[in-house]
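Remarks on the structure that follows.
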Amino acid sequence: MRIYFRAHMASVSGLLNLCLLCVLESTALASNNHIELISENFRHILTWEAGNQSTNPTHYRVQYVDFRKRKKWNYSKECFNTTHLSCDLTDEFTDPRGQYSAKAEALMENGTSVWVNYVKLFTPIHQTILGPPTVHITGYDGYLITIQPPVCHLKSPDKQRFLSLVPDVYPELIYKVTLIKAGVTNESSRILEYLTNEGNFTTSIPDLFPMTNYCISVNATATINKNPHAIPSSWKCAVTGPMSELDYPVPAVICGCVLTFGLVLMLVLAMLKWIPVSNYSSRSYDNRIYYTEPVLLYPPEPKTFSKKQNGVQYQLNHLENNTKR
């Protein structure tokens with residue numbers, strides 16, 4: 001009877017210890033769904049949440065691994081026995097093309113530990129979010145815009161400087177410029193895209209109305225970056241200059257040339273239509289026959305005329321012969 005009671009008490013004690021361990025684990029870390037890796041401009045922050053009703057102070061450790069180079073887990077020196085609920089892994093994820101993973105370990109007062117893994121593979125060059133670029137605009141002198149790439153937190157191999165997002169990390173960037181008129185709500189925005197491999201990119205926006213306040217916002221993407229959540233810059237506004245300082249819009253110039261050519265062509269066709277008529281009338285006028293009395297250079301031969309009068313026919317000589325008689 002005593003043996004059965006002791007065995008029963010041992011099973012109950014083991015069950016209580018197991019429940020206590022589960023409670024401690026739940027209070028130390030939340031589930032895997034609450035651990036997240038946030039990356040912006042190659043700055044990588046691992047965050048997690050403490051468990052519900054966590055009253056005992058807890059320390060955390062963070063491990064990471066690069067599966068592209070080796071499969072050995074390493075402790076982060078910056079996040080060893082930390083009390084924070086986040087860890088900056090920027091100095092650990094040094095290869096932009098690496099395939100990283102990380103996990104957090106919670107250390108409790110009774111000496112037990114609980115691991116929560118970030119189960120996804122993370123490749124910085126493909127998955128980091130590109131933040132807002134730096135934008136400068138000059139509205140009065142042709143509405144020039146100068147765009148600088150977002151700040152990059154990735155360091156050079158010697159750790160002496162920060163790399164430039166282009167061309168050190170990405171061969172080229174795509175800037176998406178959204179243009180609107182300030183204070184106009186019923187007009188759709190205008191989207192312009194520019195592909196560049198320059199660190200500082202400068203361009204002008206054409207076809208703008210003079211003396212008008214325009215606002216722009218710019219975000220940056222890369223062809224090999226698969227993260228669609230690029231962060232745009234804040235809106236910046238400037239007033240365009242007068243027409244004399246702006247480039248004439250290309251469509252207006254083209255329309256003007258077409259209209260001028262059309263008018264000249266119509267005039268030429270009209271002239272070609274009336275020239276044959278005038279030539280024909282002049283030719284018909286010049287070819288008319290004028291009947292005039294001929295000028296005799298020699299005396300004419302005598303002529304005779306017959307005339308019947310009262311039934312008697314007289315032979316008459318020419319008037320010149322009668323005068324001679």
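By convention here, the chains of the structure tokens are called A, B, ... in the order presented, each chain's residues are numbered starting at 1, and ligands are numbered starting at 1 in the order presented.
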Would you mind listing what lies within 6 Å of stretch 129-131 of chain A as a list in words, with only C-alpha atoms counted and same-chain residues fewer than 6 positions away left out?
-> Glu40, Asn41, Pro150, Ala230 and Ile231 of chain A
Go ahead and write the selection's residues with N, CA, C and O atoms as a PDB file, in the first residue's frame.
```
ATOM      1  N   GLU A  40      15.976  46.935 -42.710  1.00  0.00           N
ATOM      2  CA  GLU A  40      15.802  48.142 -43.533  1.00  0.00           C
ATOM      3  C   GLU A  40      17.177  48.720 -43.841  1.00  0.00           C
ATOM      4  O   GLU A  40      17.962  49.018 -42.926  1.00  0.00           O
ATOM      5  N   ASN A  41      17.454  48.865 -45.132  1.00  0.00           N
ATOM      6  CA  ASN A  41      18.743  49.408 -45.594  1.00  0.00           C
ATOM      7  C   ASN A  41      19.923  48.644 -45.000  1.00  0.00           C
ATOM      8  O   ASN A  41      20.936  49.221 -44.614  1.00  0.00           O
ATOM      9  N   PRO A 150      19.250  55.687 -50.580  1.00  0.00           N
ATOM     10  CA  PRO A 150      19.038  55.514 -49.136  1.00  0.00           C
ATOM     11  C   PRO A 150      20.338  55.176 -48.414  1.00  0.00           C
ATOM     12  O   PRO A 150      21.283  54.629 -48.997  1.00  0.00           O
ATOM     13  N   ALA A 230       8.980  49.114 -50.481  1.00  0.00           N
ATOM     14  CA  ALA A 230       9.910  50.233 -50.431  1.00  0.00           C
ATOM     15  C   ALA A 230       9.250  51.423 -49.732  1.00  0.00           C
ATOM     16  O   ALA A 230       8.058  51.680 -49.906  1.00  0.00           O
ATOM     17  N   ILE A 231      10.034  52.143 -48.942  1.00  0.00           N
ATOM     18  CA  ILE A 231       9.506  53.256 -48.163  1.00  0.00           C
ATOM     19  C   ILE A 231       9.737  54.554 -48.943  1.00  0.00           C
ATOM     20  O   ILE A 231      10.878  54.881 -49.274  1.00  0.00           O
TER      21      ILE A 231
END
```
Name all residues at most 10 Å from A:Leu163 (count only C-alpha atoms; drop same-chain ones fewer than 5 positions away) and give them as a count of residues only.
-> 9
Those in stretch 37-190 of chain A with alpha helix (DSSP H) from DSSP, as a PyMOL selection string = chain A and resi 124-127
Output file for the selection above: N, CA and C atoms, as a PDB file, in the first residue's frame:
```
ATOM      1  N   PRO A 124      19.930  39.129 -47.227  1.00  0.00           N
ATOM      2  CA  PRO A 124      19.790  40.587 -47.128  1.00  0.00           C
ATOM      3  C   PRO A 124      19.621  41.296 -48.455  1.00  0.00           C
ATOM      4  N   ILE A 125      20.411  40.958 -49.470  1.00  0.00           N
ATOM      5  CA  ILE A 125      20.374  41.709 -50.720  1.00  0.00           C
ATOM      6  C   ILE A 125      19.040  41.550 -51.447  1.00  0.00           C
ATOM      7  N   HIS A 126      18.332  40.457 -51.174  1.00  0.00           N
ATOM      8  CA  HIS A 126      17.035  40.217 -51.810  1.00  0.00           C
ATOM      9  C   HIS A 126      15.852  40.658 -50.957  1.00  0.00           C
ATOM     10  N   GLN A 127      16.010  40.720 -49.631  1.00  0.00           N
ATOM     11  CA  GLN A 127      14.854  40.871 -48.755  1.00  0.00           C
ATOM     12  C   GLN A 127      14.865  42.114 -47.877  1.00  0.00           C
TER      13      GLN A 127
END
```
Who sits within 12 Å of stretch 143-145 of chain A, only C-alpha atoms, same chain under 6 positions skipped, as an NGL selection string = :A and (134-137 or 175 or 177 or 179 or 194 or 200-218 or 236-243 or 245-247)
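Using only C-alpha atoms for every distance, the candidate list A:Asp88, A:Ile45, A:Phe122, A:Val116 yields A:Phe122 as the residue closest to A:Lys226.
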Choose the residue, out of A:Ser188, A:Pro149, A:Ser233, A:Ala270, that has the smallest atom-to-atom separation from A:Glu172; count only C-alpha atoms.
->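 For A:Glu172, the nearest of the candidates is A:Pro149.
The closest residue to A:Ser113, picked from A:Asn197, A:Thr178, A:Thr185, A:Asn81 and counting only C-alpha atoms, is A:Asn81.
By only C-alpha atoms, and with residues fewer than 3 positions from A:Leu195 along its chain excluded, the set lying at most 10 Å from it is Glu172, Leu173, Ile174, Tyr175, Lys176, Glu198, Phe201, Ala220, Thr221, Ala222 and Thr223 of chain A.
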Between atom CA of A:Glu109 and atom CA of A:Thr83 - distance in Å to one decimal |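 Computing it gives 13.1 Å between the two atoms.
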What gap, in Å, lies between atom CA of A:Arg190 and atom CA of A:Tyr140?
->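 Between atom CA of A:Arg190 and atom CA of A:Tyr140 the gap is 19.7 Å.
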As a ChimeraX atom specification, which residues of stretch 29-178 of chain A does DSSP assign to strand (DSSP E)?
-> /A:36-40,43-47,59-66,74-82,86-88,100-107,113-122,134-138,144-148,173-178
